[in-house]
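One file, final02.txt, is given below (compact mmCIF, C-alpha atoms).
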# COMPACT_ATOMS: atom_id res chain seq x y z
CA MET A 248 -74.92 -26.57 81.62
CA LYS A 249 -75.44 -22.82 81.82
CA LEU A 250 -73.88 -20.80 84.63
CA LEU A 251 -74.11 -17.26 85.96
CA GLY A 252 -71.36 -15.21 87.56
CA LEU A 253 -72.44 -12.74 90.22
CA SER A 254 -70.13 -10.53 92.24
CA SER A 255 -70.14 -10.58 96.03
CA ALA A 256 -70.69 -6.81 95.95
CA GLU A 257 -73.87 -7.24 93.91
CA CYS A 258 -75.11 -9.87 96.35
CA VAL A 259 -74.44 -7.55 99.32
CA ALA A 260 -76.33 -4.78 97.50
CA ALA A 261 -79.27 -7.12 96.95
CA GLN A 262 -79.13 -8.06 100.63
CA ALA A 263 -79.28 -4.34 101.49
CA ALA A 264 -82.44 -4.07 99.38
CA ASP A 265 -83.94 -6.99 101.31
CA ALA A 266 -83.01 -5.22 104.56
CA GLY A 267 -84.96 -2.13 103.48
CA LEU A 268 -82.05 0.29 102.97
CA SER A 269 -82.68 3.39 100.90
CA GLY A 270 -80.59 6.12 99.34
CA LYS A 271 -76.95 5.95 98.30
CA PHE A 272 -74.60 3.30 99.62
CA SER A 273 -71.19 1.81 98.88
CA VAL A 274 -70.40 -1.88 99.26
CA VAL A 275 -66.95 -2.10 100.86
CA MET A 276 -64.90 -5.29 101.19
CA ASP A 277 -61.30 -5.94 102.21
CA ALA A 278 -58.97 -6.25 99.21
CA GLN A 279 -55.85 -6.67 101.36
CA ARG A 280 -52.73 -4.52 100.80
CA GLU A 281 -54.51 -1.67 102.62
CA GLU A 282 -57.06 -1.38 99.79
CA PHE A 283 -60.76 -2.06 99.48
CA TYR A 284 -63.10 -3.37 96.81
CA VAL A 285 -65.85 -0.80 96.49
CA ALA A 286 -68.95 -0.39 94.31
CA ASP A 287 -71.56 2.35 94.59
CA TYR A 288 -75.31 1.79 94.43
CA ALA A 289 -78.51 3.79 94.74
CA MET A 290 -81.64 2.32 96.31
CA SER A 291 -85.11 3.46 95.37
CA ALA A 292 -88.47 1.75 95.86
CA GLY A 293 -86.79 -1.42 97.13
CA LYS A 294 -84.64 -1.82 94.01
CA PHE A 295 -80.95 -1.12 93.74
CA ALA A 296 -79.01 0.19 90.76
CA GLU A 297 -75.26 0.20 90.29
CA VAL A 298 -73.92 3.76 90.14
CA SER A 299 -70.24 2.91 89.77
CA PRO A 300 -68.79 -0.58 89.20
CA LEU A 301 -66.54 -2.57 91.51
CA LYS A 302 -63.04 -1.13 91.73
CA LEU A 303 -60.04 -0.94 94.04
CA ALA A 304 -59.98 2.05 96.41
CA THR A 305 -57.82 3.43 99.17
CA ARG A 306 -59.12 4.13 102.68
CA ASP A 307 -59.23 7.85 101.81
CA GLU A 308 -61.34 7.20 98.70
CA VAL A 309 -63.81 5.16 100.74
CA SER A 310 -63.90 7.85 103.44
CA ARG A 311 -64.74 10.45 100.77
CA ARG A 312 -67.76 8.35 99.77
CA GLU A 313 -68.93 8.32 103.37
CA ARG A 314 -68.47 12.11 103.71
CA ALA A 315 -70.46 12.56 100.47
CA GLY A 316 -73.43 10.84 102.12
CA ASN A 317 -73.03 7.20 101.08
CA LEU A 318 -73.74 4.62 103.76
CA LEU A 319 -70.86 2.12 103.80
CA ILE A 320 -71.99 -1.51 103.97
CA GLY A 321 -70.25 -4.87 103.82
CA PRO A 322 -69.36 -7.99 105.79
CA GLU A 323 -66.57 -6.37 107.84
CA VAL A 324 -67.01 -2.67 107.08
CA THR A 325 -67.12 -1.55 110.74
CA LYS A 326 -63.61 -2.93 111.21
CA TRP A 327 -62.33 0.13 109.30
CA PHE A 328 -65.34 2.47 109.18
CA PRO A 329 -67.23 2.50 112.52
CA ASN A 330 -70.30 4.26 111.06
CA GLY A 331 -70.80 1.56 108.44
CA ARG A 332 -73.41 -1.17 108.55
CA VAL A 333 -72.49 -4.86 108.56
CA ILE A 334 -74.37 -6.76 105.88
CA PHE A 335 -73.46 -10.29 104.82
CA PRO A 336 -74.55 -11.82 101.52
CA ARG A 337 -76.97 -14.73 102.00
CA ALA A 338 -77.39 -17.77 99.78
CA GLU A 339 -81.13 -17.12 99.59
CA THR A 340 -80.49 -13.60 98.30
CA LEU A 341 -77.98 -14.91 95.77
CA GLY A 342 -80.61 -17.34 94.49
CA LYS A 343 -83.26 -14.61 94.22
CA LEU A 344 -80.78 -12.39 92.39
CA ALA A 345 -80.01 -15.18 89.92
CA LEU A 346 -83.73 -15.62 89.22
CA THR A 347 -83.87 -12.03 87.95
CA ARG A 348 -81.12 -12.61 85.39
CA ASN A 349 -81.04 -14.25 81.97
CA ASP A 350 -77.37 -13.80 81.01
CA PHE A 351 -76.36 -17.39 81.72
CA VAL A 352 -73.34 -18.75 79.81
CA SER A 353 -71.54 -22.06 79.38
CA GLY A 354 -68.84 -22.77 81.95
CA ASP A 355 -65.99 -22.15 79.53
CA LYS A 356 -67.23 -18.58 78.96
CA LEU A 357 -67.42 -17.65 82.66
CA GLU A 358 -64.60 -15.32 83.69
CA PRO A 359 -63.38 -14.07 87.07
CA ILE A 360 -63.20 -10.39 87.95
CA TYR A 361 -59.59 -9.29 88.30
CA LEU A 362 -59.17 -5.77 89.62
CA ARG A 363 -55.49 -6.01 90.47
CA GLU A 364 -52.79 -6.80 87.96
CA ALA A 365 -51.09 -10.10 88.73
CA ASN A 366 -47.65 -9.22 90.02
CA PHE A 367 -45.28 -11.93 91.13
CA VAL A 368 -41.67 -13.01 90.80
CA LYS A 369 -41.02 -16.55 89.71
CA ALA A 370 -38.99 -18.46 92.26
CA PRO A 371 -35.54 -19.59 91.15
CA PRO A 372 -35.06 -23.30 90.50
CA PRO A 373 -34.17 -25.34 93.58
CA ARG A 374 -30.48 -25.63 94.37
CA VAL A 375 -28.94 -29.07 94.18
CA PHE A 376 -26.25 -29.94 96.73
CA ALA A 377 -23.84 -32.71 95.79
Translate this structure into structure tokens?
Amino acid sequence: MKLLGLSSAECVAAQAADAGLSGKFSVVMDAQREEFYVADYAMSAGKFAEVSPLKLATRDEVSRRERAGNLLIGPEVTKWFPNGRVIFPRAETLGKLALTRNDFVSGDKLEPIYLREANFVKAPPPRVFA
């Protein structure tokens, strides 16, 4: 079976195209730890193009995008940026997006997107009381 990995940011961008947005916009999603996942896109003639790929960003970095003229969009964007526009990815849009692609791979070749280095401390073994 062949599969296709699509990012949530790409799906939100496609949803923005369906909603008729134009110009520059940044998809912004909560990454926890007071950071955001952000990807920049440009919309022209109903089609979107990625300008900068998904990355981790601080609140200040996202605010700079807004001051530079990018509309901030995403599922919860107005929680942090009141001038943003709430856009949720839809399953229908995800399906349409998949129909435009041909880079399907077998399941064992599909890989997640990790933007943050895994950082954890292994718990000590349990103590045994006699």
Discussion item. So that I can see what lies close to range 343-357 of chain A, please list as an MDAnalysis selection string the residues with an atom at most 7 Å from it, counting all atoms listed in the file and leaving out residues fewer than 6 positions away in the same chain.
Written reply: chainID A and resid 248:252
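Proximity ranking of A:Leu362, A:Val368, A:Leu318, A:Ala263 relative to Phe283 in chain A places A:Leu362 first, based on all atoms listed in the file.
Note that the spacing between CA of Val259 in chain A and CA of Ser291 in chain A amounts to 15.8 Å.
Across the structure, CA of Leu253 in chain A and CA of Gly267 in chain A are spaced 21.1 Å apart.
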Worksheet entry | Near-Tyr284 in chain A list (10 Å; only C-alpha atoms; drop same-chain fewer than 5 positions) as a list in words | Ala256, Ser273, Val274, Val275, Met276, Asp277, Ala278, Gln279, Pro300, Leu301, Lys302, Leu303, Ala304, Thr305, Val309 and Leu362 of chain A
Output file for the selection above: C-alpha atoms, as a tab-separated table (two decimals), in the coordinates of the input:
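Final file, part-v9.tsv:
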chain	number	residue	atom	x	y	z
A	256	ALA	CA	-70.69	-6.81	95.95
A	273	SER	CA	-71.19	1.81	98.88
A	274	VAL	CA	-70.40	-1.88	99.26
A	275	VAL	CA	-66.95	-2.10	100.86
A	276	MET	CA	-64.90	-5.29	101.19
A	277	ASP	CA	-61.30	-5.94	102.21
A	278	ALA	CA	-58.97	-6.25	99.21
A	279	GLN	CA	-55.85	-6.67	101.36
A	300	PRO	CA	-68.79	-0.58	89.20
A	301	LEU	CA	-66.54	-2.57	91.51
A	302	LYS	CA	-63.04	-1.13	91.73
A	303	LEU	CA	-60.04	-0.94	94.04
A	304	ALA	CA	-59.98	2.05	96.41
A	305	THR	CA	-57.82	3.43	99.17
A	309	VAL	CA	-63.81	5.16	100.74
A	362	LEU	CA	-59.17	-5.77	89.62
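Residue nearest Phe335 in chain A, chosen from A:Phe376, A:Gln262, A:Glu281, A:Glu257 and counting only C-alpha atoms: A:Gln262.
As for CA of Pro359 in chain A and CA of Ser255 in chain A, they are spaced 11.8 Å apart.
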Worksheet item: Which neighbours of Phe328 in chain A fall inside 10 Å, counting all atoms listed in the file, when residues of the same chain fewer than 2 positions from it are skipped, and could you give them as a VMD selection string?
Response: chain A and resid 275 306 309 to 310 313 319 to 320 323 to 326 330 to 332
Extract, using only C-alpha atoms, all DNA, RNA and protein residues at most 6 Å from Asp287 in chain A, discarding same-chain residues fewer than 2 positions from it, and format them as a compact mmCIF listing (two decimals) with C-alpha atoms, keeping the file's coordinate frame.
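Here's the written file around24.txt:
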# COMPACT_ATOMS: atom_id res chain seq x y z
CA PHE A 272 -74.60 3.30 99.62
CA SER A 273 -71.19 1.81 98.88
CA VAL A 298 -73.92 3.76 90.14
CA SER A 299 -70.24 2.91 89.77
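When all atoms listed in the file are used to compute distances to Met290 in chain A, the closest of the residues A:Ser254, A:Asn366, A:Thr340, A:Ser269 turns out to be A:Ser269.
Distances from A:Glu339, A:Ala315, A:Trp327, A:Gly293 to Asp265 in chain A were compared using only C-alpha atoms, and the smallest one belongs to A:Gly293.
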Can you take the partial range 286-306 of chain A, add N, CA and C atoms, and return it as a PDB file, in the frame of the given file?
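Below you can see result13.pdb, which holds the result:
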ATOM      1  N   ALA A 286     -67.998  -0.654  95.401  1.00  0.00           N
ATOM      2  CA  ALA A 286     -68.950  -0.390  94.310  1.00  0.00           C
ATOM      3  C   ALA A 286     -70.062   0.465  94.901  1.00  0.00           C
ATOM      4  N   ASP A 287     -70.531   1.420  94.125  1.00  0.00           N
ATOM      5  CA  ASP A 287     -71.560   2.350  94.590  1.00  0.00           C
ATOM      6  C   ASP A 287     -72.918   1.983  93.999  1.00  0.00           C
ATOM      7  N   TYR A 288     -73.947   2.128  94.825  1.00  0.00           N
ATOM      8  CA  TYR A 288     -75.310   1.790  94.430  1.00  0.00           C
ATOM      9  C   TYR A 288     -76.272   2.878  94.909  1.00  0.00           C
ATOM     10  N   ALA A 289     -77.422   2.929  94.291  1.00  0.00           N
ATOM     11  CA  ALA A 289     -78.510   3.790  94.740  1.00  0.00           C
ATOM     12  C   ALA A 289     -79.744   2.905  94.910  1.00  0.00           C
ATOM     13  N   MET A 290     -80.456   3.112  96.009  1.00  0.00           N
ATOM     14  CA  MET A 290     -81.640   2.320  96.310  1.00  0.00           C
ATOM     15  C   MET A 290     -82.866   3.203  96.219  1.00  0.00           C
ATOM     16  N   SER A 291     -83.854   2.719  95.488  1.00  0.00           N
ATOM     17  CA  SER A 291     -85.110   3.460  95.370  1.00  0.00           C
ATOM     18  C   SER A 291     -86.240   2.455  95.190  1.00  0.00           C
ATOM     19  N   ALA A 292     -87.290   2.617  95.940  1.00  0.00           N
ATOM     20  CA  ALA A 292     -88.470   1.750  95.860  1.00  0.00           C
ATOM     21  C   ALA A 292     -88.112   0.275  95.988  1.00  0.00           C
ATOM     22  N   GLY A 293     -87.168  -0.027  96.885  1.00  0.00           N
ATOM     23  CA  GLY A 293     -86.790  -1.420  97.130  1.00  0.00           C
ATOM     24  C   GLY A 293     -85.940  -2.059  96.058  1.00  0.00           C
ATOM     25  N   LYS A 294     -85.500  -1.289  95.078  1.00  0.00           N
ATOM     26  CA  LYS A 294     -84.640  -1.820  94.010  1.00  0.00           C
ATOM     27  C   LYS A 294     -83.331  -1.056  94.019  1.00  0.00           C
ATOM     28  N   PHE A 295     -82.245  -1.770  93.764  1.00  0.00           N
ATOM     29  CA  PHE A 295     -80.950  -1.120  93.740  1.00  0.00           C
ATOM     30  C   PHE A 295     -80.439  -1.030  92.307  1.00  0.00           C
ATOM     31  N   ALA A 296     -79.636   0.005  92.066  1.00  0.00           N
ATOM     32  CA  ALA A 296     -79.010   0.190  90.760  1.00  0.00           C
ATOM     33  C   ALA A 296     -77.550   0.527  90.978  1.00  0.00           C
ATOM     34  N   GLU A 297     -76.686  -0.080  90.194  1.00  0.00           N
ATOM     35  CA  GLU A 297     -75.260   0.200  90.290  1.00  0.00           C
ATOM     36  C   GLU A 297     -74.982   1.608  89.749  1.00  0.00           C
ATOM     37  N   VAL A 298     -74.287   2.413  90.536  1.00  0.00           N
ATOM     38  CA  VAL A 298     -73.920   3.760  90.140  1.00  0.00           C
ATOM     39  C   VAL A 298     -72.489   3.779  89.605  1.00  0.00           C
ATOM     40  N   SER A 299     -71.600   3.075  90.279  1.00  0.00           N
ATOM     41  CA  SER A 299     -70.240   2.910  89.770  1.00  0.00           C
ATOM     42  C   SER A 299     -69.791   1.483  90.062  1.00  0.00           C
ATOM     43  N   PRO A 300     -69.128   0.839  89.087  1.00  0.00           N
ATOM     44  CA  PRO A 300     -68.790  -0.580  89.200  1.00  0.00           C
ATOM     45  C   PRO A 300     -67.686  -0.845  90.229  1.00  0.00           C
ATOM     46  N   LEU A 301     -67.544  -2.103  90.569  1.00  0.00           N
ATOM     47  CA  LEU A 301     -66.540  -2.570  91.510  1.00  0.00           C
ATOM     48  C   LEU A 301     -65.153  -2.130  91.066  1.00  0.00           C
ATOM     49  N   LYS A 302     -64.406  -1.572  92.019  1.00  0.00           N
ATOM     50  CA  LYS A 302     -63.040  -1.130  91.730  1.00  0.00           C
ATOM     51  C   LYS A 302     -62.226  -1.196  93.009  1.00  0.00           C
ATOM     52  N   LEU A 303     -60.922  -1.032  92.880  1.00  0.00           N
ATOM     53  CA  LEU A 303     -60.040  -0.940  94.040  1.00  0.00           C
ATOM     54  C   LEU A 303     -60.034   0.512  94.523  1.00  0.00           C
ATOM     55  N   ALA A 304     -59.991   0.698  95.847  1.00  0.00           N
ATOM     56  CA  ALA A 304     -59.980   2.050  96.410  1.00  0.00           C
ATOM     57  C   ALA A 304     -59.138   2.079  97.670  1.00  0.00           C
ATOM     58  N   THR A 305     -58.573   3.234  97.944  1.00  0.00           N
ATOM     59  CA  THR A 305     -57.820   3.430  99.170  1.00  0.00           C
ATOM     60  C   THR A 305     -58.795   3.765 100.302  1.00  0.00           C
ATOM     61  N   ARG A 306     -58.293   3.761 101.523  1.00  0.00           N
ATOM     62  CA  ARG A 306     -59.120   4.130 102.680  1.00  0.00           C
ATOM     63  C   ARG A 306     -59.649   5.559 102.513  1.00  0.00           C
TER      64      ARG A 306
END
